[in-house]
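Undergrad: upload-v6.tsv (TSV, C-alpha atoms) pasted underneath:
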chain	number	residue	atom	x	y	z
A	818	MET	CA	0.00	0.00	0.00
A	819	LEU	CA	1.18	3.50	-0.74
A	820	LYS	CA	1.92	5.44	2.41
A	821	ARG	CA	0.38	8.88	2.72
A	822	ILE	CA	2.17	11.47	0.60
A	823	ASP	CA	1.85	15.09	1.67
A	824	ASP	CA	1.38	17.31	-1.40
A	825	ALA	CA	2.95	20.18	0.55
A	826	ILE	CA	6.29	18.30	0.61
A	827	PRO	CA	8.22	18.78	-2.64
A	828	PRO	CA	9.39	15.47	-4.12
A	829	LEU	CA	13.06	14.58	-4.23
A	830	THR	CA	14.29	14.97	-7.80
A	831	ILE	CA	17.69	13.87	-9.15
A	832	THR	CA	18.84	14.24	-12.76
A	833	ARG	CA	21.92	12.53	-14.18
A	834	ARG	CA	23.39	12.15	-17.64
A	835	PHE	CA	24.50	8.66	-18.76
A	836	SER	CA	26.63	7.59	-21.69
A	837	ALA	CA	24.33	4.60	-22.33
A	838	PRO	CA	21.38	4.90	-24.75
A	839	PRO	CA	17.84	4.94	-23.26
A	840	ALA	CA	17.01	1.28	-24.05
A	841	LEU	CA	20.11	-0.05	-22.30
A	842	LEU	CA	19.53	2.23	-19.33
A	843	PHE	CA	15.85	1.26	-19.07
A	844	ASP	CA	16.49	-2.48	-19.31
A	845	ALA	CA	19.02	-2.34	-16.47
A	846	TRP	CA	16.10	-1.58	-14.11
A	847	LEU	CA	14.24	-4.76	-15.05
A	848	ASP	CA	16.95	-7.38	-15.70
A	849	PRO	CA	17.40	-9.44	-12.50
A	850	LYS	CA	21.08	-10.12	-13.19
A	851	ALA	CA	21.82	-6.46	-13.81
A	852	VAL	CA	19.72	-5.26	-10.85
A	853	GLY	CA	21.65	-7.50	-8.47
A	854	GLY	CA	24.82	-5.70	-9.46
A	855	TRP	CA	23.75	-2.13	-8.74
A	856	LEU	CA	20.29	-1.40	-7.31
A	857	PHE	CA	20.44	-0.84	-3.53
A	858	ARG	CA	23.98	-2.24	-3.46
A	859	THR	CA	26.38	-1.14	-0.71
A	860	PRO	CA	30.20	-1.43	-0.73
A	861	ASN	CA	30.32	-4.29	1.78
A	862	GLY	CA	27.04	-5.94	0.77
A	863	GLN	CA	26.50	-9.17	-1.15
A	864	SER	CA	23.51	-9.65	-3.44
A	865	ALA	CA	21.45	-12.45	-1.87
A	866	HIS	CA	18.28	-12.71	-3.99
A	867	VAL	CA	16.55	-10.78	-6.78
A	868	GLU	CA	13.05	-11.44	-8.09
A	869	ILE	CA	11.51	-9.33	-10.87
A	870	ASP	CA	8.09	-9.70	-12.50
A	871	SER	CA	8.35	-6.94	-15.09
A	872	ARG	CA	4.71	-6.23	-15.93
A	873	ILE	CA	2.22	-3.66	-14.71
A	874	GLY	CA	0.93	-5.06	-11.42
A	875	GLY	CA	4.00	-7.25	-11.11
A	876	GLY	CA	6.70	-6.50	-8.61
A	877	PHE	CA	10.24	-6.97	-7.38
A	878	ALA	CA	12.05	-8.26	-4.32
A	879	ILE	CA	15.72	-7.35	-3.83
A	880	HIS	CA	17.68	-8.76	-0.90
A	881	GLU	CA	21.25	-7.91	0.06
A	882	GLN	CA	23.29	-9.47	2.85
A	883	ARG	CA	25.01	-6.74	4.86
A	884	GLY	CA	27.10	-8.48	7.46
A	885	GLU	CA	24.66	-10.23	9.79
A	886	ASN	CA	21.69	-8.22	8.48
A	887	LEU	CA	19.52	-8.89	5.44
A	888	ALA	CA	18.40	-5.65	3.75
A	889	THR	CA	15.15	-6.04	1.82
A	890	HIS	CA	13.39	-3.87	-0.78
A	891	PHE	CA	10.01	-4.61	-2.31
A	892	GLY	CA	7.84	-2.85	-4.87
A	893	GLU	CA	5.12	-3.03	-7.49
A	894	TYR	CA	5.32	-1.72	-11.06
A	895	ILE	CA	2.69	0.92	-11.85
A	896	GLU	CA	3.85	2.12	-15.30
A	897	ILE	CA	6.24	0.49	-17.78
A	898	GLU	CA	6.88	2.39	-21.01
A	899	ARG	CA	10.11	1.15	-22.56
A	900	PRO	CA	12.50	2.93	-22.93
A	901	SER	CA	11.23	6.22	-21.51
A	902	ARG	CA	9.31	5.77	-18.26
A	903	LEU	CA	9.13	3.44	-15.27
A	904	VAL	CA	7.00	4.02	-12.16
A	905	PHE	CA	7.01	1.74	-9.12
A	906	THR	CA	6.35	1.66	-5.41
A	907	LEU	CA	9.14	1.05	-2.92
A	908	GLY	CA	9.02	-0.33	0.62
A	909	LEU	CA	11.13	-2.30	3.06
A	910	GLN	CA	8.48	-4.97	3.68
A	911	ARG	CA	6.47	-6.98	1.17
A	912	GLU	CA	3.10	-5.97	2.65
A	913	GLY	CA	4.26	-2.82	4.42
A	914	PRO	CA	3.93	0.88	3.56
A	915	SER	CA	5.61	2.14	0.42
A	916	THR	CA	6.39	5.32	-1.48
A	917	ARG	CA	6.34	6.13	-5.21
A	918	ILE	CA	9.35	6.38	-7.55
A	919	GLU	CA	9.21	7.74	-11.10
A	920	ILE	CA	12.01	7.20	-13.61
A	921	ASP	CA	11.97	9.27	-16.81
A	922	ILE	CA	14.60	8.73	-19.51
A	923	ARG	CA	15.10	10.73	-22.68
A	924	PRO	CA	17.79	10.72	-25.37
A	925	ASP	CA	20.63	13.16	-24.87
A	926	GLY	CA	23.08	13.08	-27.76
A	927	ALA	CA	24.62	9.62	-27.86
A	928	GLY	CA	23.56	9.02	-24.25
A	929	SER	CA	20.59	9.59	-22.00
A	930	LEU	CA	19.27	11.99	-19.40
A	931	LEU	CA	17.57	10.24	-16.49
A	932	THR	CA	15.34	12.01	-13.97
A	933	LEU	CA	14.39	10.18	-10.78
A	934	THR	CA	11.53	11.55	-8.67
A	935	HIS	CA	10.84	10.15	-5.20
A	936	TYR	CA	7.61	11.24	-3.51
A	937	LEU	CA	8.48	11.30	0.19
A	938	THR	CA	6.29	10.79	3.22
A	939	PRO	CA	6.43	13.44	5.96
A	940	GLU	CA	8.59	11.07	8.03
A	941	ALA	CA	11.02	10.41	5.17
A	942	ALA	CA	11.24	14.10	4.25
A	943	THR	CA	13.17	14.76	7.47
A	944	LYS	CA	15.95	12.58	6.05
A	945	SER	CA	15.90	13.94	2.50
A	946	PHE	CA	19.69	14.44	2.56
A	947	ALA	CA	20.19	10.73	3.20
A	948	PHE	CA	17.72	9.78	0.46
A	949	ARG	CA	19.41	12.12	-2.03
A	950	ALA	CA	22.84	10.74	-1.19
A	951	GLY	CA	21.55	7.19	-1.42
A	952	TRP	CA	19.89	7.62	-4.82
A	953	THR	CA	22.89	9.52	-6.18
A	954	GLY	CA	25.12	6.63	-5.17
A	955	ILE	CA	22.69	4.13	-6.71
A	956	LEU	CA	22.72	6.03	-10.00
A	957	GLU	CA	26.52	5.98	-9.96
A	958	GLY	CA	26.20	2.20	-9.72
A	959	LEU	CA	23.79	2.21	-12.67
A	960	ALA	CA	26.36	4.18	-14.68
A	961	ARG	CA	29.01	1.52	-13.98
A	962	GLN	CA	26.53	-1.25	-14.79
A	963	THR	CA	25.80	0.30	-18.19
A	964	GLY	CA	29.40	0.84	-19.26
A	965	GLU	CA	30.87	3.82	-17.39
A	966	ALA	CA	33.69	1.91	-15.71
A	967	ASP	CA	35.23	5.08	-14.26
A	968	ALA	CA	32.05	6.27	-12.48
A	969	PRO	CA	32.97	7.08	-8.86
A	970	HIS	CA	31.86	5.18	-5.78
A	971	ARG	CA	30.02	6.59	-2.79
A	972	LEU	CA	30.05	5.55	0.87
A	973	ILE	CA	27.08	6.33	3.13
A	974	LEU	CA	27.09	5.61	6.87
A	975	LEU	CA	24.42	6.43	9.46
A	976	ARG	CA	25.20	6.61	13.17
A	977	THR	CA	23.45	7.77	16.34
A	978	PHE	CA	25.49	9.26	19.19
A	979	GLU	CA	24.40	9.72	22.78
A	980	ALA	CA	25.39	13.36	22.90
A	981	PRO	CA	24.13	16.75	21.66
A	982	ARG	CA	25.15	17.57	18.11
A	983	ALA	CA	27.18	20.58	19.24
A	984	LEU	CA	29.53	18.14	20.99
A	985	VAL	CA	29.67	15.80	17.99
A	986	PHE	CA	30.49	18.80	15.78
A	987	LYS	CA	33.28	19.80	18.17
A	988	CYS	CA	34.71	16.29	17.97
A	989	TRP	CA	34.95	16.69	14.19
A	990	THR	CA	36.47	20.17	14.25
A	991	GLU	CA	38.62	20.68	17.38
A	992	PRO	CA	42.11	19.12	17.23
A	993	GLN	CA	42.19	18.08	20.90
A	994	HIS	CA	39.09	15.96	20.24
A	995	MET	CA	40.15	14.78	16.75
A	996	MET	CA	43.27	13.36	18.38
A	997	ARG	CA	41.14	10.90	20.33
A	998	TRP	CA	39.13	9.24	17.55
A	999	LEU	CA	40.17	10.12	13.97
A	1000	CYS	CA	41.61	6.72	13.00
A	1001	PRO	CA	40.38	3.15	12.54
A	1002	ALA	CA	40.09	0.85	15.53
A	1003	THR	CA	43.51	-0.51	16.66
A	1004	PHE	CA	45.28	2.51	15.06
A	1005	THR	CA	46.69	5.50	16.97
A	1006	VAL	CA	46.31	9.17	16.01
A	1007	LEU	CA	49.72	10.84	15.72
A	1008	PHE	CA	48.62	14.44	15.16
A	1009	ALA	CA	45.58	16.50	14.13
A	1010	GLU	CA	45.58	20.12	13.02
A	1011	ASN	CA	43.09	22.38	11.26
A	1012	ASP	CA	42.11	25.90	10.27
A	1013	LEU	CA	38.33	25.85	10.65
A	1014	ARG	CA	37.14	28.28	7.98
A	1015	ILE	CA	35.91	27.91	4.43
A	1016	GLY	CA	39.05	27.39	2.40
A	1017	GLY	CA	40.97	26.40	5.53
A	1018	LYS	CA	42.94	23.16	5.67
A	1019	TRP	CA	42.92	20.14	7.95
A	1020	ARG	CA	45.54	17.40	8.28
A	1021	ALA	CA	45.95	14.34	10.51
A	1022	GLY	CA	48.22	11.33	10.81
A	1023	MET	CA	47.87	7.87	12.28
A	1024	ARG	CA	49.95	4.74	12.99
A	1025	SER	CA	48.84	1.18	12.34
A	1026	PRO	CA	49.53	-1.80	14.63
A	1027	GLU	CA	52.21	-2.78	12.08
A	1028	ASP	CA	53.93	0.59	12.78
A	1029	GLU	CA	53.08	2.08	9.38
A	1030	GLU	CA	52.18	5.76	9.17
A	1031	PHE	CA	49.21	7.11	7.22
A	1032	ILE	CA	48.44	10.80	6.63
A	1033	HIS	CA	45.26	12.36	5.23
A	1034	HIS	CA	44.27	15.96	4.66
A	1035	GLY	CA	41.72	18.23	3.01
A	1036	GLU	CA	40.02	21.59	2.75
A	1037	TYR	CA	36.81	22.88	4.33
A	1038	LEU	CA	34.14	23.69	1.73
A	1039	GLU	CA	31.06	24.33	3.91
A	1040	ILE	CA	30.75	25.02	7.64
A	1041	ASP	CA	27.32	25.35	9.21
A	1042	ALA	CA	27.91	24.61	12.90
A	1043	PRO	CA	26.61	22.43	14.40
A	1044	ALA	CA	24.44	21.02	11.61
A	1045	ARG	CA	26.60	20.50	8.53
A	1046	LEU	CA	30.24	20.13	7.51
A	1047	VAL	CA	31.65	19.55	4.02
A	1048	MET	CA	35.35	18.99	3.34
A	1049	THR	CA	37.64	17.33	0.85
A	1050	HIS	CA	39.61	14.24	1.78
A	1051	GLU	CA	42.82	12.97	0.21
A	1052	TRP	CA	45.54	10.54	1.29
A	1053	GLU	CA	48.98	12.13	1.50
A	1054	ARG	CA	50.53	8.85	2.64
A	1055	ASN	CA	48.70	5.55	2.15
A	1056	HIS	CA	50.16	2.81	-0.05
A	1057	LEU	CA	47.00	0.70	0.27
A	1058	GLU	CA	44.53	3.06	-1.42
A	1059	PRO	CA	44.29	4.36	-5.01
A	1060	LYS	CA	44.83	8.07	-5.44
A	1061	ALA	CA	41.54	9.96	-5.26
A	1062	LEU	CA	40.31	13.37	-4.17
A	1063	THR	CA	37.02	12.70	-2.37
A	1064	THR	CA	34.46	14.86	-0.61
A	1065	ILE	CA	33.00	14.19	2.84
A	1066	GLU	CA	29.58	15.58	3.81
A	1067	LEU	CA	28.17	15.42	7.35
A	1068	GLU	CA	24.59	16.16	8.37
A	1069	LEU	CA	23.89	16.25	12.12
A	1070	THR	CA	20.38	16.35	13.57
A	1071	GLU	CA	19.50	16.26	17.26
A	1072	GLN	CA	16.49	14.81	19.00
A	1073	GLY	CA	16.09	14.07	22.68
A	1074	GLY	CA	19.72	14.83	23.45
A	1075	LYS	CA	20.96	12.30	20.85
A	1076	THR	CA	22.55	13.08	17.51
A	1077	GLU	CA	21.91	11.34	14.22
A	1078	MET	CA	24.83	11.62	11.81
A	1079	ILE	CA	24.63	11.03	8.07
A	1080	PHE	CA	28.14	10.58	6.66
A	1081	VAL	CA	28.71	10.60	2.90
A	1082	GLN	CA	32.07	10.20	1.19
A	1083	ARG	CA	31.89	10.55	-2.58
A	1084	GLY	CA	34.46	10.19	-5.32
A	1085	LEU	CA	36.08	6.95	-4.15
A	1086	ALA	CA	37.97	5.26	-6.97
A	1087	THR	CA	36.89	1.61	-6.62
A	1088	ALA	CA	34.38	-0.62	-4.86
A	1089	GLU	CA	37.24	-2.10	-2.85
A	1090	SER	CA	38.33	1.36	-1.73
A	1091	ALA	CA	34.76	2.23	-0.70
A	1092	ALA	CA	34.55	-0.99	1.34
A	1093	SER	CA	37.96	-0.33	2.92
A	1094	HIS	CA	37.02	3.23	3.86
A	1095	GLY	CA	33.72	1.97	5.24
A	1096	HIS	CA	35.54	-0.45	7.53
A	1097	GLY	CA	37.97	2.24	8.69
A	1098	TRP	CA	35.32	4.88	9.34
A	1099	THR	CA	33.11	2.38	11.19
A	1100	GLY	CA	35.89	1.72	13.69
A	1101	ALA	CA	36.61	5.44	13.99
A	1102	PHE	CA	32.93	6.20	14.64
A	1103	ASP	CA	32.88	3.66	17.45
A	1104	GLN	CA	35.63	5.74	19.09
A	1105	LEU	CA	33.81	8.98	18.24
A	1106	GLY	CA	30.70	7.62	19.94
A	1107	ALA	CA	32.61	6.79	23.11
A	1108	LEU	CA	34.26	10.22	23.15
A	1109	ALA	CA	31.00	12.10	22.54
A	1110	ARG	CA	29.28	10.13	25.30
A	1111	GLU	CA	32.16	10.92	27.67
A	1112	LEU	CA	32.05	14.63	26.84
A	1113	ALA	CA	28.28	14.71	27.31
A	1114	THR	CA	28.64	13.49	30.89
A	1115	SER	CA	31.51	15.86	31.75
A	1116	ASP	CA	32.14	19.57	31.58
A	1117	HIS	CA	33.91	19.02	28.19
Once more with this new file: its structure as structure tokens, please.
TA:
Amino acid sequence: MLKRIDDAIPPLTITRRFSAPPALLFDAWLDPKAVGGWLFRTPNGQSAHVEIDSRIGGGFAIHEQRGENLATHFGEYIEIERPSRLVFTLGLQREGPSTRIEIDIRPDGAGSLLTLTHYLTPEAATKSFAFRAGWTGILEGLARQTGEADAPHRLILLRTFEAPRALVFKCWTEPQHMMRWLCPATFTVLFAENDLRIGGKWRAGMRSPEDEEFIHHGEYLEIDAPARLVMTHEWERNHLEPKALTTIELELTEQGGKTEMIFVQRGLATAESAASHGHGWTGAFDQLGALARELATSDH
């Protein structure tokens, strides 16, 4: 069933150009083998099961194993007009509430221009940044699936911290706090320094258990304390990762004294690099959570 859509909430709209022609792009949404390679895929996930009944009134079921959790997506096809338009519902449970997605594709030179429109519920609209980041990453996967081998990869992580967002923001931007968490689990931060202004630089180093040193740095692009932070990220010293200039975006929202963080890193060079960064940031965020909780119960 379609969940209530509030007409006062503008839909989420994303437009992207693809090198693939419309027919190839359209068919990638309905081919089970292709769908398993890109739709709702995450860097560390493994496609577990894909069912597609590509007719009006038919539906899909897409399952991905993410560690110990099974992520599920279900929907029903409302419109199918090859190769220009596809409309379907989307939900996380087979019989549960769902929202509406519209895909419109038109020729654009030798390629295609795709517009995705997601009609959000009032509850989902509060997380529109996460939905936009998620769909943008999914469309990057579609680009790779349809022949754009060099399309970048995107990492999205969601965390909740038991601390006000002002404290979480301080942990990201004050060197004395960055020193205590800005490295993967089992690593040690060697130094952290920054110039917190738009155009200002940040730089930090860490040591692995094998006594190898890694250094990363970047530049601040947006600062909206304590709600949003955007900065570039690049490895100055890291022999394990391909060279790439990426961008990190943070959105922090607070409710009931807790902070929800949406972390997006875009521009990663390979799927393996996205998975590696995801593992490293997950360990770092465990340490960030402990630090934020400690600061929340002290005079910080």
Undergrad: Hey, could you make a per-residue contact list for segment 975-1089 of chain A against segment 940-947 of chain A with 10 Å as the cut-off, showing the nearest pair of atoms and its distance in Å to one decimal, counting only C-alpha atoms, sorted by chain and number, as a Markdown table?
TA:
| residue | atom | partner | partner_atom | distance |
| --- | --- | --- | --- | --- |
| A:Leu975 | CA | A:Ala947 | CA | 8.7 |
| A:Leu1067 | CA | A:Phe946 | CA | 9.8 |
| A:Glu1068 | CA | A:Phe946 | CA | 7.8 |
| A:Thr1070 | CA | A:Lys944 | CA | 9.5 |
| A:Met1078 | CA | A:Ala947 | CA | 9.8 |
| A:Ile1079 | CA | A:Ala947 | CA | 6.6 |
| A:Phe1080 | CA | A:Ala947 | CA | 8.7 |
| A:Val1081 | CA | A:Ala947 | CA | 8.5 |
Undergrad: Mind giving me the straight-line distance from atom CA of Thr934 of chain A to atom CA of Leu1069 of chain A in Å, one decimal?
TA: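 The value is 24.6 Å.
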Undergrad: Which distance in Å separates atom CA of Asp1103 of chain A and atom CA of Thr1087 of chain A, to one decimal?
TA: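 We find that atom CA of Asp1103 of chain A and atom CA of Thr1087 of chain A lie 24.5 Å from each other.
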Undergrad: Which neighbours of Pro828 of chain A fall inside 10 Å, counting only C-alpha atoms, when residues of the same chain fewer than 6 positions from it are skipped, and could you give them as a list in words?
TA: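 So, after excluding close chain neighbours, the residues are Ile822, Arg917, Ile918, Leu933, Thr934, His935, Tyr936, Leu937, Thr938, Ala942 and Ser945 of chain A.
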Undergrad: Please dump the current selection as an mmCIF file, keeping the file's coordinate frame; keep C-alpha atoms.
TA:
data_model
loop_
_atom_site.group_PDB
_atom_site.id
_atom_site.type_symbol
_atom_site.label_atom_id
_atom_site.label_comp_id
_atom_site.auth_asym_id
_atom_site.auth_seq_id
_atom_site.Cartn_x
_atom_site.Cartn_y
_atom_site.Cartn_z
ATOM 1 C CA ILE A 822 2.170 11.470 0.600
ATOM 2 C CA ARG A 917 6.340 6.130 -5.210
ATOM 3 C CA ILE A 918 9.350 6.380 -7.550
ATOM 4 C CA LEU A 933 14.390 10.180 -10.780
ATOM 5 C CA THR A 934 11.530 11.550 -8.670
ATOM 6 C CA HIS A 935 10.840 10.150 -5.200
ATOM 7 C CA TYR A 936 7.610 11.240 -3.510
ATOM 8 C CA LEU A 937 8.480 11.300 0.190
ATOM 9 C CA THR A 938 6.290 10.790 3.220
ATOM 10 C CA ALA A 942 11.240 14.100 4.250
ATOM 11 C CA SER A 945 15.900 13.940 2.500
#
Undergrad: For Glu1036 of chain A, which residue among A:Thr953, A:Thr1049, A:Thr1064, A:Thr916 is the nearest when counting only C-alpha atoms?
TA: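 When distances to Glu1036 of chain A are compared using only C-alpha atoms, the smallest one comes from A:Thr1049.
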Undergrad: At a cut-off of 7 Å, using all atoms listed in the file, what residues contact segment 985-991 of chain A? Leave out same-chain residues fewer than 3 positions from it and give the result as a list in words.
TA: Ala980, Pro981, Arg982, His994, Met995, Leu1013, Ala1042, Pro1043 and Ala1109 of chain A
Undergrad: Which residues are close to segment 884-893 of chain A, i.e. within 6 Å by only C-alpha atoms, leaving aside same-chain residues fewer than 5 positions away? Reply as a VMD selection string.
TA: chain A and resid 875 to 879 905 to 909 911
Undergrad: Using only C-alpha atoms, which of A:Leu1108, A:Leu974, A:Val1006, A:Leu1057 sits nearest Glu1077 of chain A?
TA: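 Closest to Glu1077 of chain A, using only C-alpha atoms: A:Leu974.
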Undergrad: From the options A:Gly964, A:Gly958, A:Pro839, A:Gly928, which residue's atoms come nearest to Glu898 of chain A, counting all atoms listed in the file?
TA: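 The answer is A:Pro839, which sits nearest to Glu898 of chain A.
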Undergrad: Have a look at atom CA of Gly1022 of chain A and atom CA of Ala1044 of chain A and let me know their distance in Å, one decimal.
TA: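 Here the two named atoms are 25.7 Å from each other.
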Undergrad: Which polymer residues have any atom within 8 Å of an atom of segment 835-838 of chain A, counting all atoms listed in the file, with same-chain residues fewer than 3 positions away left out, as a list in words?
TA: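 Final neighbour list, sorted by chain and number: Leu841, Leu842, Pro924, Ala927, Gly928, Ser929, Leu930, Leu931, Ala960, Thr963, Gly964 and Glu965 of chain A.
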Undergrad: Pull the neighbourhood of (40.6, 16.6, -1.6) for me: all residues within 6 Å in file coordinates, counting all atoms listed in the file, as a list in words.
TA: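 So the residues meeting the distance criterion are Gly1035, Thr1049, His1050, Glu1051, Leu1062 and Thr1063 of chain A.
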Undergrad: List the spatial neighbours of Asp1028 of chain A as a PDB file with C-alpha atoms, in the frame of the given file - criterion: any atom at most 12 Å away, only C-alpha atoms, same-chain residues fewer than 5 positions off excluded.
TA:
ATOM      1  CA  THR A1003      43.510  -0.510  16.660  1.00  0.00           C
ATOM      2  CA  PHE A1004      45.280   2.510  15.060  1.00  0.00           C
ATOM      3  CA  THR A1005      46.690   5.500  16.970  1.00  0.00           C
ATOM      4  CA  VAL A1006      46.310   9.170  16.010  1.00  0.00           C
ATOM      5  CA  LEU A1007      49.720  10.840  15.720  1.00  0.00           C
ATOM      6  CA  MET A1023      47.870   7.870  12.280  1.00  0.00           C
TER       7      MET A1023
END
Undergrad: From the list A:Arg872, A:Ile1032, A:Leu972, A:Leu1046, which residue is nearest Glu1089 of chain A when using all atoms listed in the file?
TA: A:Leu972
Undergrad: Between A:Gly951, A:Gly1017, A:Gly854, A:Gly1106, which is the closest to Val1047 of chain A once you count only C-alpha atoms?
TA: A:Gly1017
